[in-house]
$ cat start03.tsv   # TSV, C-alpha atoms and all ligand atoms
chain	number	residue	atom	x	y	z
K	1	MET	CA	-26.83	8.08	11.73
K	2	SER	CA	-24.21	10.74	12.48
K	3	SER	CA	-23.56	13.59	10.04
K	4	ARG	CA	-20.18	11.94	9.34
K	5	ASP	CA	-21.95	8.82	8.04
K	6	LYS	CA	-24.56	10.82	6.23
K	7	PHE	CA	-22.03	12.66	4.11
K	8	ASN	CA	-19.79	9.63	3.85
K	9	ILE	CA	-16.98	11.47	5.58
K	10	MET	CA	-14.03	9.16	6.14
K	11	LYS	CA	-11.33	9.32	8.76
K	12	ILE	CA	-8.09	9.58	6.80
K	13	GLY	CA	-4.72	9.24	8.53
K	14	LEU	CA	-1.67	10.74	6.81
K	15	LEU	CA	1.61	9.29	8.09
K	16	ILE	CA	4.80	11.34	8.01
K	17	ILE	CA	8.25	10.61	9.38
K	18	ALA	CA	10.59	13.55	9.98
K	19	THR	CA	13.73	13.12	12.03
K	20	ASN	CA	17.09	14.86	12.18
K	21	LYS	CA	17.33	17.59	9.50
K	22	TYR	CA	14.15	16.54	7.72
K	23	ASP	CA	12.01	18.57	10.13
K	24	VAL	CA	12.48	21.61	7.84
K	25	PHE	CA	10.06	19.99	5.42
K	26	ILE	CA	7.20	19.65	7.94
K	27	PRO	CA	5.61	23.16	7.85
K	28	PRO	CA	5.32	23.50	4.05
K	29	LEU	CA	4.02	19.93	3.74
K	30	LEU	CA	1.37	20.43	6.44
K	31	LYS	CA	0.26	23.67	4.80
K	32	SER	CA	-0.11	21.92	1.45
K	33	VAL	CA	-1.97	18.98	3.05
K	34	LYS	CA	-4.49	21.38	4.61
K	35	LYS	CA	-5.03	23.08	1.27
K	36	HIS	CA	-5.20	20.05	-1.01
K	37	PHE	CA	-5.52	16.65	0.70
K	38	MET	CA	-8.93	14.95	1.10
K	39	LYS	CA	-10.77	18.21	1.68
K	40	ASN	CA	-14.14	16.47	2.06
K	41	HIS	CA	-12.95	14.13	4.78
K	42	GLU	CA	-11.61	14.25	8.33
K	43	VAL	CA	-7.82	14.21	8.00
K	44	THR	CA	-5.48	13.44	10.90
K	45	THR	CA	-1.78	13.88	10.21
K	46	PHE	CA	0.47	11.69	12.34
K	47	VAL	CA	4.01	13.06	12.51
K	48	PHE	CA	6.66	10.68	13.82
K	49	THR	CA	9.47	12.99	14.85
K	50	ASP	CA	12.31	13.69	17.26
K	51	LYS	CA	11.34	17.39	17.35
K	52	GLU	CA	8.73	19.39	19.30
K	53	MET	CA	5.49	19.96	17.37
K	54	PRO	CA	2.85	22.64	17.98
K	55	ASN	CA	-0.51	21.56	19.41
K	56	LYS	CA	-2.92	21.80	16.48
K	57	LYS	CA	-6.27	20.35	15.53
K	58	GLY	CA	-5.89	17.38	13.21
K	59	LEU	CA	-2.22	16.96	14.09
K	60	VAL	CA	-0.87	14.11	16.21
K	61	SER	CA	2.81	14.22	17.08
K	62	LEU	CA	4.42	10.92	18.07
K	63	PRO	CA	7.94	10.90	19.53
K	64	HIS	CA	10.31	9.00	17.30
K	65	ILE	CA	14.05	8.47	17.79
K	66	HIS	CA	16.21	9.15	14.74
K	67	GLU	CA	18.13	6.20	13.31
K	68	PRO	CA	20.97	6.76	10.81
K	69	TRP	CA	20.41	6.12	7.11
K	70	PRO	CA	18.96	3.81	5.81
K	71	ASN	CA	17.24	2.51	8.96
K	72	VAL	CA	15.08	5.60	9.33
K	73	THR	CA	13.29	4.73	6.09
K	74	LEU	CA	13.91	0.95	5.97
K	75	LYS	CA	12.10	0.52	9.28
K	76	ARG	CA	9.20	2.86	8.60
K	77	TYR	CA	6.73	-0.05	8.62
K	78	HIS	CA	8.03	-1.12	12.03
K	79	VAL	CA	6.87	2.27	13.30
K	80	PHE	CA	3.40	1.95	11.79
K	81	ASP	CA	3.05	-1.60	13.08
K	82	LYS	CA	4.06	-0.42	16.57
K	83	HIS	CA	1.26	2.16	16.53
K	84	LYS	CA	-1.34	-0.10	14.92
K	85	LYS	CA	-3.87	0.29	17.72
K	86	GLU	CA	-4.16	4.04	17.31
K	87	LEU	CA	-3.82	3.95	13.52
K	88	SER	CA	-6.52	1.30	13.06
K	89	GLU	CA	-9.06	3.87	14.28
K	90	MET	CA	-8.69	5.54	10.87
K	91	ASP	CA	-10.71	4.33	7.87
K	92	TYR	CA	-7.79	4.88	5.49
K	93	LEU	CA	-4.06	5.39	5.97
K	94	TYR	CA	-1.68	7.05	3.54
K	95	TYR	CA	2.05	7.47	3.91
K	96	CYS	CA	3.87	10.46	2.42
K	97	ASP	CA	7.59	11.28	2.41
K	98	VAL	CA	8.10	14.50	4.33
K	99	ASP	CA	10.03	16.11	1.48
K	100	MET	CA	6.95	16.28	-0.70
K	101	LEU	CA	4.31	18.90	-1.44
K	102	PHE	CA	0.66	18.72	-2.46
K	103	VAL	CA	0.25	21.21	-5.29
K	104	SER	CA	-3.22	20.23	-6.52
K	105	ASP	CA	-6.29	18.63	-4.95
K	106	VAL	CA	-5.94	14.94	-4.05
K	107	GLY	CA	-9.22	13.33	-3.03
K	108	ASP	CA	-11.56	10.37	-3.40
K	109	GLU	CA	-10.02	9.29	-6.69
K	110	ILE	CA	-7.10	7.65	-4.83
K	111	LEU	CA	-9.26	5.58	-2.45
K	112	PRO	CA	-9.28	1.84	-3.22
K	113	ASP	CA	-12.17	0.73	-5.41
K	114	LYS	CA	-14.78	-1.36	-3.67
K	115	ASN	CA	-14.41	-4.39	-5.88
K	116	SER	CA	-16.82	-7.32	-5.92
K	117	THR	CA	-15.60	-10.73	-4.79
K	118	ALA	CA	-15.48	-11.64	-8.48
K	119	TYR	CA	-12.93	-8.95	-9.24
K	120	VAL	CA	-9.87	-10.23	-11.16
K	121	PRO	CA	-6.85	-7.94	-11.13
K	122	ASN	CA	-4.90	-7.13	-14.28
K	123	GLU	CA	-1.99	-9.39	-15.08
K	124	TYR	CA	1.21	-8.18	-13.43
K	125	LYS	CA	2.91	-5.92	-15.97
K	126	GLY	CA	6.06	-5.07	-14.11
K	127	CYS	CA	5.07	-1.67	-12.70
K	128	TYR	CA	7.57	-0.19	-10.23
K	129	PHE	CA	6.07	1.83	-7.40
K	130	ALA	CA	7.79	4.81	-5.76
K	131	GLY	CA	7.90	4.62	-1.97
K	132	GLY	CA	7.06	8.30	-1.53
K	133	PHE	CA	3.27	8.12	-1.35
K	134	ASN	CA	1.06	5.09	-0.82
K	135	GLY	CA	-1.86	3.88	1.25
K	136	GLY	CA	-5.31	2.32	1.40
K	137	THR	CA	-7.77	1.05	4.00
K	138	SER	CA	-6.21	1.11	7.46
K	139	LYS	CA	-6.67	-2.68	7.66
K	140	ALA	CA	-4.77	-3.35	4.43
K	141	PHE	CA	-2.09	-0.77	5.24
K	142	LEU	CA	-1.43	-2.19	8.70
K	143	ASN	CA	-1.38	-5.78	7.39
K	144	MET	CA	1.22	-4.66	4.86
K	145	SER	CA	3.21	-2.87	7.59
K	146	ARG	CA	3.33	-6.02	9.72
K	147	GLU	CA	4.36	-8.20	6.78
K	148	ILE	CA	7.09	-5.81	5.58
K	149	LYS	CA	8.35	-5.39	9.14
K	150	ASP	CA	8.74	-9.18	9.44
K	151	ARG	CA	10.51	-9.42	6.06
K	152	VAL	CA	12.91	-6.56	6.87
K	153	ASN	CA	13.73	-8.20	10.22
K	154	LYS	CA	14.38	-11.55	8.54
K	155	ASP	CA	16.74	-9.87	6.04
K	156	LEU	CA	18.53	-7.98	8.79
K	157	GLU	CA	19.10	-11.22	10.70
K	158	ASN	CA	20.94	-12.42	7.57
K	159	ASN	CA	22.82	-9.10	7.16
K	160	ILE	CA	20.81	-8.23	4.07
K	161	ILE	CA	19.24	-4.88	3.14
K	162	ALA	CA	17.26	-4.80	-0.11
K	163	ILE	CA	18.74	-2.40	-2.65
K	164	TRP	CA	16.06	0.31	-2.30
K	165	HIS	CA	15.25	-0.45	1.33
K	166	ASP	CA	11.52	-0.14	2.20
K	167	GLU	CA	10.78	0.65	-1.48
K	168	SER	CA	12.09	-2.73	-2.67
K	169	GLN	CA	10.04	-4.41	0.05
K	170	LEU	CA	6.95	-2.44	-0.94
K	171	ASN	CA	7.35	-3.51	-4.58
K	172	ARG	CA	7.78	-7.18	-3.68
K	173	TYR	CA	4.68	-6.98	-1.50
K	174	LEU	CA	2.61	-5.32	-4.22
K	175	ILE	CA	3.42	-8.04	-6.75
K	176	ASP	CA	1.54	-10.45	-4.50
K	177	ASN	CA	-1.11	-7.95	-3.39
K	178	GLN	CA	-2.27	-6.05	-6.46
K	179	PRO	CA	-2.96	-2.42	-5.54
K	180	LYS	CA	-4.95	0.35	-7.12
K	181	VAL	CA	-2.27	2.02	-9.26
K	182	LEU	CA	-1.89	5.80	-9.09
K	183	SER	CA	-0.23	7.78	-11.88
K	184	PRO	CA	3.11	9.63	-11.46
K	185	SER	CA	0.99	12.75	-10.68
K	186	TYR	CA	1.03	11.59	-7.05
K	187	CYS	CA	4.82	11.33	-6.69
K	188	TYR	CA	6.06	13.76	-9.33
K	189	PRO	CA	9.82	14.49	-9.10
K	190	GLU	CA	10.02	18.28	-8.80
K	191	SER	CA	12.50	18.95	-11.61
K	192	TRP	CA	11.29	16.31	-14.07
K	193	ASP	CA	9.14	17.00	-17.08
K	194	LEU	CA	6.48	14.30	-17.35
K	195	PRO	CA	3.24	14.24	-19.34
K	196	PHE	CA	1.15	14.16	-16.14
K	197	GLU	CA	-0.59	16.77	-14.00
K	198	LYS	CA	1.43	17.75	-10.93
K	199	LYS	CA	-0.49	16.79	-7.79
K	200	ILE	CA	2.11	15.77	-5.20
K	201	LEU	CA	5.69	16.90	-5.76
K	202	ALA	CA	8.69	14.92	-4.52
K	203	LEU	CA	11.04	17.81	-3.79
K	204	ASP	CA	14.60	18.03	-5.10
K	205	LYS	CA	17.21	17.80	-2.36
K	206	ASN	CA	20.90	17.19	-1.75
K	207	HIS	CA	20.73	13.66	-0.32
K	208	LYS	CA	24.25	13.64	1.09
K	209	GLU	CA	23.88	16.96	2.86
K	210	ILE	CA	20.43	16.40	4.38
K	211	ARG	CA	20.93	12.80	5.53
K	212	GLY	CA	24.22	13.72	7.22
Z	1	LIG	C1	12.95	7.22	-2.07
Z	1	LIG	C2	11.44	7.15	-1.77
Z	1	LIG	C3	11.26	6.90	-0.26
Z	1	LIG	C4	11.94	5.62	0.19
Z	1	LIG	C5	13.43	5.68	-0.21
Z	1	LIG	C6	14.15	4.34	0.04
Z	1	LIG	C7	10.17	8.65	-3.25
Z	1	LIG	C8	9.80	10.05	-3.54
Z	1	LIG	N1	10.87	8.44	-2.12
Z	1	LIG	O1	13.34	8.43	-1.41
Z	1	LIG	O2	9.86	6.81	0.07
Z	1	LIG	O3	11.29	4.50	-0.40
Z	1	LIG	O4	13.62	6.01	-1.63
Z	1	LIG	O5	15.54	4.51	-0.12
Z	1	LIG	O6	9.80	7.76	-3.97
Z	1	LIG	N2	13.85	10.53	6.75
Z	1	LIG	C9	13.91	11.25	7.96
Z	1	LIG	N3	15.14	11.61	8.46
Z	1	LIG	C10	16.32	11.35	7.81
Z	1	LIG	C11	16.25	10.64	6.57
Z	1	LIG	C12	15.00	10.25	6.06
Z	1	LIG	O7	12.88	11.56	8.57
Z	1	LIG	O8	17.39	11.75	8.32
Z	1	LIG	C13	12.51	10.08	6.26
Z	1	LIG	C14	11.73	11.22	5.58
Z	1	LIG	O9	10.36	11.04	5.79
Z	1	LIG	C15	12.08	11.02	4.10
Z	1	LIG	C16	12.06	9.47	4.03
Z	1	LIG	O10	12.67	9.05	5.27
Z	1	LIG	O11	11.14	11.64	3.26
Z	1	LIG	C17	12.82	8.85	2.84
Z	1	LIG	O12	14.13	9.40	2.78
Z	1	LIG	P1	14.62	10.26	1.49
Z	1	LIG	O13	13.50	11.19	1.12
Z	1	LIG	O14	15.94	10.83	1.77
Z	1	LIG	O15	14.75	9.10	0.43
Z	1	LIG	P2	14.71	9.18	-1.21
Z	1	LIG	O16	14.59	10.59	-1.65
Z	1	LIG	O17	15.83	8.36	-1.75

$ encode --input "start03.tsv" --output "structure tokens"
Amino acid sequence: MSSRDKFNIMKIGLLIIATNKYDVFIPPLLKSVKKHFMKNHEVTTFVFTDKEMPNKKGLVSLPHIHEPWPNVTLKRYHVFDKHKKELSEMDYLYYCDVDMLFVSDVGDEILPDKNSTAYVPNEYKGCYFAGGFNGGTSKAFLNMSREIKDRVNKDLENNIIAIWHDESQLNRYLIDNQPKVLSPSYCYPESWDLPFEKKILALDKNHKEIRG
């Protein structure tokens, strides 16, 4: 038994896409990840980017060509599906928008519960999930990536893009595949005032200017 197994240390992959002007968000996000994300586990951050990245432990930079809005976000699951071999070496995969910040510890409480085969999920109550932060076991995440990739491609063949891009696709997928639901603490809009603890902030930005 290795010491990793002994202490139940998991390999966690954090997936980030940052192309064009969004590279400005990388350094503060990485700093906050180091300080707050899954501190008891082995975290590897995969950055899909069109920029040069420094060589650092726990950081994997993967070259990624920028596509104009909305394709850069709409086709995020295509990217993860393309890299499934490397990503499936992780125990868990989480995706995070690059314009976000971890401001409090985020740990084991977000990992999927190990439910028995008799587990019955709650009735669907019409929850809407933000696209900014989500994940689970690498197997489930990569299955979802493949499925959403196929659905996006089918839509595109018919000249259709769902209203909120990847986020609409994610929500459709989660209706059929009930997830563990995280509170708004994990995707907390920076300037909002919600009755939840701030754990991961979705930063305010000028969409028009930064997507330009
Ligand atoms: C929301 C969701 C986002 C996605 C999107 C779909 C939250 C906090 N965010 O974000 O996850 O579902 O709606 O429309 O719930 N990007 C680049 N380069 C670019 C443009 C975008 O790398 O030039 C990447 C980057 O990782 C960014 C992500 O795409 O964080 C989503 O883009 P956004 O943050 O501009 O989208 P937003 O705020 O509408």

$ closest_residue --input "start03.tsv" --among "K:Asp204, K:Pro70, K:Tyr95, K:Glu42" --to "Lys57 of chain K" --atoms "only C-alpha atoms"
K:Glu42

$ closest_residue --input "start03.tsv" --among "K:Phe48, K:Gln169, K:Val43, K:Ser183" --to "Pro195 of chain K" --atoms "only C-alpha atoms"
K:Ser183

$ residues_near_ligand --input "start03.tsv" --ligand "ligand LIG 1 (chain Z)" --cutoff "7 Å" --atoms "all atoms listed in the file" --output "PyMOL selection string"
chain K and resi 16-22+66+68-70+72-74+97-99+130-133+164-167+187+202+207+210-211

$ closest_residue --input "start03.tsv" --among "K:Pro112, K:Gly13, K:Pro189, K:Pro54" --to "Lys205 of chain K" --atoms "all atoms listed in the file"
K:Pro189

$ atom_distance --input "start03.tsv" --atom1 "atom CA of Pro27 of chain K" --atom2 "atom CA of Asn40 of chain K"
21.6 Å

$ closest_residue --input "start03.tsv" --among "K:Asn177, K:Ser32, K:Asn143, K:Thr44" --to "Lys82 of chain K" --atoms "only C-alpha atoms"
K:Asn143

$ atom_distance --input "start03.tsv" --atom1 "atom CA of Gly135 of chain K" --atom2 "atom CA of Leu174 of chain K"
11.6 Å

$ residues_around --input "start03.tsv" --residues "Arg146 of chain K" --least-positions-apart "6" --cutoff "9 Å" --atoms "only C-alpha atoms" --output "count of residues only"
5

$ residues_around --input "start03.tsv" --residues "Ser185 of chain K" --least-positions-apart "5" --cutoff "10 Å" --atoms "only C-alpha atoms" --output "list in words"
Ser104, Val106, Leu194, Pro195, Phe196, Glu197, Lys198, Lys199, Ile200 and Leu201 of chain K

$ write_last_selection --input "start03.tsv" --atoms "C-alpha atoms" --output "CSV table (one decimal), in the coordinates of the input"
chain,number,residue,atom,x,y,z
K,104,SER,CA,-3.2,20.2,-6.5
K,106,VAL,CA,-5.9,14.9,-4.0
K,194,LEU,CA,6.5,14.3,-17.4
K,195,PRO,CA,3.2,14.2,-19.3
K,196,PHE,CA,1.2,14.2,-16.1
K,197,GLU,CA,-0.6,16.8,-14.0
K,198,LYS,CA,1.4,17.8,-10.9
K,199,LYS,CA,-0.5,16.8,-7.8
K,200,ILE,CA,2.1,15.8,-5.2
K,201,LEU,CA,5.7,16.9,-5.8

$ axis_aligned_box --input "start03.tsv" --around "segment 179-183 of chain K" --padding-each-side "6 Å" --output "lines of an AutoDock Vina configuration file"
center_x = -2.6
center_y = 2.7
center_z = -8.7
size_x = 16.7
size_y = 22.2
size_z = 18.3

$ residues_around --input "start03.tsv" --residues "Thr137 of chain K" --least-positions-apart "2" --cutoff "12 Å" --atoms "only C-alpha atoms" --output "list in words"
Met10, Lys11, Ile12, Gly13, Leu14, Leu87, Ser88, Glu89, Met90, Asp91, Tyr92, Leu93, Tyr94, Tyr95, Ile110, Leu111, Pro112, Asp113, Lys114, Asn134, Gly135, Lys139, Ala140, Phe141, Leu142, Asn143, Met144, Pro179 and Lys180 of chain K

$ atom_distance --input "start03.tsv" --atom1 "atom CA of Ile65 of chain K" --atom2 "atom CA of Asp50 of chain K"
5.5 Å

$ residues_near_point --input "start03.tsv" --point "(-6.0, 21.7, -3.8)" --cutoff "6 Å" --atoms "all atoms listed in the file" --output "mmCIF file with C-alpha atoms, in the frame of the given file"
data_model
loop_
_atom_site.group_PDB
_atom_site.id
_atom_site.type_symbol
_atom_site.label_atom_id
_atom_site.label_comp_id
_atom_site.auth_asym_id
_atom_site.auth_seq_id
_atom_site.Cartn_x
_atom_site.Cartn_y
_atom_site.Cartn_z
ATOM 1 C CA LYS K 35 -5.030 23.080 1.270
ATOM 2 C CA HIS K 36 -5.200 20.050 -1.010
ATOM 3 C CA SER K 104 -3.220 20.230 -6.520
ATOM 4 C CA ASP K 105 -6.290 18.630 -4.950
#

$ closest_residue --input "start03.tsv" --among "K:Leu101, K:Glu147, K:Gly212, K:Lys85" --to "Glu67 of chain K" --atoms "all atoms listed in the file"
K:Gly212

$ closest_residue --input "start03.tsv" --among "K:Val181, K:Ile26, K:Val60, K:Ile9" --to "Met38 of chain K" --atoms "only C-alpha atoms"
K:Ile9

$ build_atoms --input "start03.tsv" --residues "segment 177-188 of chain K" --atoms "all heavy atoms" --output "compact mmCIF listing (two decimals), in the frame of the given file"
# COMPACT_ATOMS: atom_id res chain seq x y z
N ASN K 177 0.12 -8.59 -3.88
CA ASN K 177 -1.11 -7.95 -3.39
C ASN K 177 -1.42 -6.76 -4.31
O ASN K 177 -1.05 -5.64 -4.02
CB ASN K 177 -0.91 -7.46 -1.96
CG ASN K 177 -0.60 -8.59 -1.01
OD1 ASN K 177 -1.50 -9.22 -0.47
ND2 ASN K 177 0.68 -8.88 -0.81
N GLN K 178 -2.05 -7.07 -5.43
CA GLN K 178 -2.27 -6.05 -6.46
C GLN K 178 -2.98 -4.81 -5.92
O GLN K 178 -4.08 -4.91 -5.40
CB GLN K 178 -3.10 -6.65 -7.60
CG GLN K 178 -2.37 -7.72 -8.38
CD GLN K 178 -1.39 -7.13 -9.40
OE1 GLN K 178 -1.73 -6.18 -10.09
NE2 GLN K 178 -0.21 -7.68 -9.46
N PRO K 179 -2.34 -3.65 -6.06
CA PRO K 179 -2.96 -2.42 -5.54
C PRO K 179 -3.73 -1.67 -6.60
O PRO K 179 -3.68 -2.01 -7.79
CB PRO K 179 -1.73 -1.60 -5.15
CG PRO K 179 -0.74 -1.97 -6.22
CD PRO K 179 -1.00 -3.40 -6.59
N LYS K 180 -4.43 -0.63 -6.17
CA LYS K 180 -4.95 0.35 -7.12
C LYS K 180 -3.74 1.21 -7.51
O LYS K 180 -3.05 1.73 -6.64
CB LYS K 180 -6.00 1.21 -6.44
CG LYS K 180 -6.42 2.41 -7.27
CD LYS K 180 -7.71 3.01 -6.73
CE LYS K 180 -8.11 4.22 -7.53
NZ LYS K 180 -9.48 4.64 -7.22
N VAL K 181 -3.50 1.35 -8.81
CA VAL K 181 -2.27 2.02 -9.26
C VAL K 181 -2.54 3.50 -9.52
O VAL K 181 -3.46 3.85 -10.26
CB VAL K 181 -1.74 1.35 -10.56
CG1 VAL K 181 -0.47 2.05 -11.03
CG2 VAL K 181 -1.48 -0.13 -10.32
N LEU K 182 -1.76 4.35 -8.87
CA LEU K 182 -1.89 5.80 -9.09
C LEU K 182 -0.86 6.23 -10.13
O LEU K 182 0.21 5.63 -10.25
CB LEU K 182 -1.65 6.56 -7.78
CG LEU K 182 -2.58 6.22 -6.61
CD1 LEU K 182 -2.20 7.02 -5.38
CD2 LEU K 182 -4.04 6.47 -6.99
N SER K 183 -1.15 7.31 -10.84
CA SER K 183 -0.23 7.78 -11.88
C SER K 183 0.93 8.54 -11.23
O SER K 183 0.88 8.90 -10.05
CB SER K 183 -0.97 8.71 -12.83
OG SER K 183 -1.05 10.00 -12.26
N PRO K 184 1.99 8.86 -12.01
CA PRO K 184 3.11 9.63 -11.46
C PRO K 184 2.71 11.03 -10.96
O PRO K 184 3.51 11.68 -10.30
CB PRO K 184 4.08 9.73 -12.65
CG PRO K 184 3.78 8.53 -13.48
CD PRO K 184 2.29 8.33 -13.36
N SER K 185 1.47 11.46 -11.22
CA SER K 185 0.99 12.75 -10.68
C SER K 185 1.15 12.82 -9.17
O SER K 185 1.31 13.89 -8.60
CB SER K 185 -0.51 12.92 -10.96
OG SER K 185 -0.76 13.06 -12.32
N TYR K 186 1.06 11.64 -8.50
CA TYR K 186 1.03 11.59 -7.05
C TYR K 186 2.41 11.42 -6.41
O TYR K 186 2.52 11.31 -5.20
CB TYR K 186 0.08 10.47 -6.58
CG TYR K 186 -1.34 10.71 -7.03
CD1 TYR K 186 -1.81 10.20 -8.24
CD2 TYR K 186 -2.20 11.48 -6.26
CE1 TYR K 186 -3.11 10.44 -8.66
CE2 TYR K 186 -3.50 11.72 -6.67
CZ TYR K 186 -3.94 11.21 -7.88
OH TYR K 186 -5.23 11.46 -8.28
N CYS K 187 3.44 11.37 -7.22
CA CYS K 187 4.82 11.33 -6.69
C CYS K 187 5.70 11.86 -7.82
O CYS K 187 6.50 11.14 -8.39
CB CYS K 187 5.20 9.91 -6.28
SG CYS K 187 6.73 9.82 -5.36
N TYR K 188 5.50 13.14 -8.14
CA TYR K 188 6.06 13.76 -9.33
C TYR K 188 7.39 14.42 -8.97
O TYR K 188 7.40 15.41 -8.24
CB TYR K 188 5.06 14.81 -9.83
CG TYR K 188 5.33 15.37 -11.20
CD1 TYR K 188 4.41 15.24 -12.23
CD2 TYR K 188 6.51 16.08 -11.47
CE1 TYR K 188 4.65 15.76 -13.48
CE2 TYR K 188 6.75 16.59 -12.72
CZ TYR K 188 5.81 16.43 -13.72
OH TYR K 188 6.04 16.95 -14.97
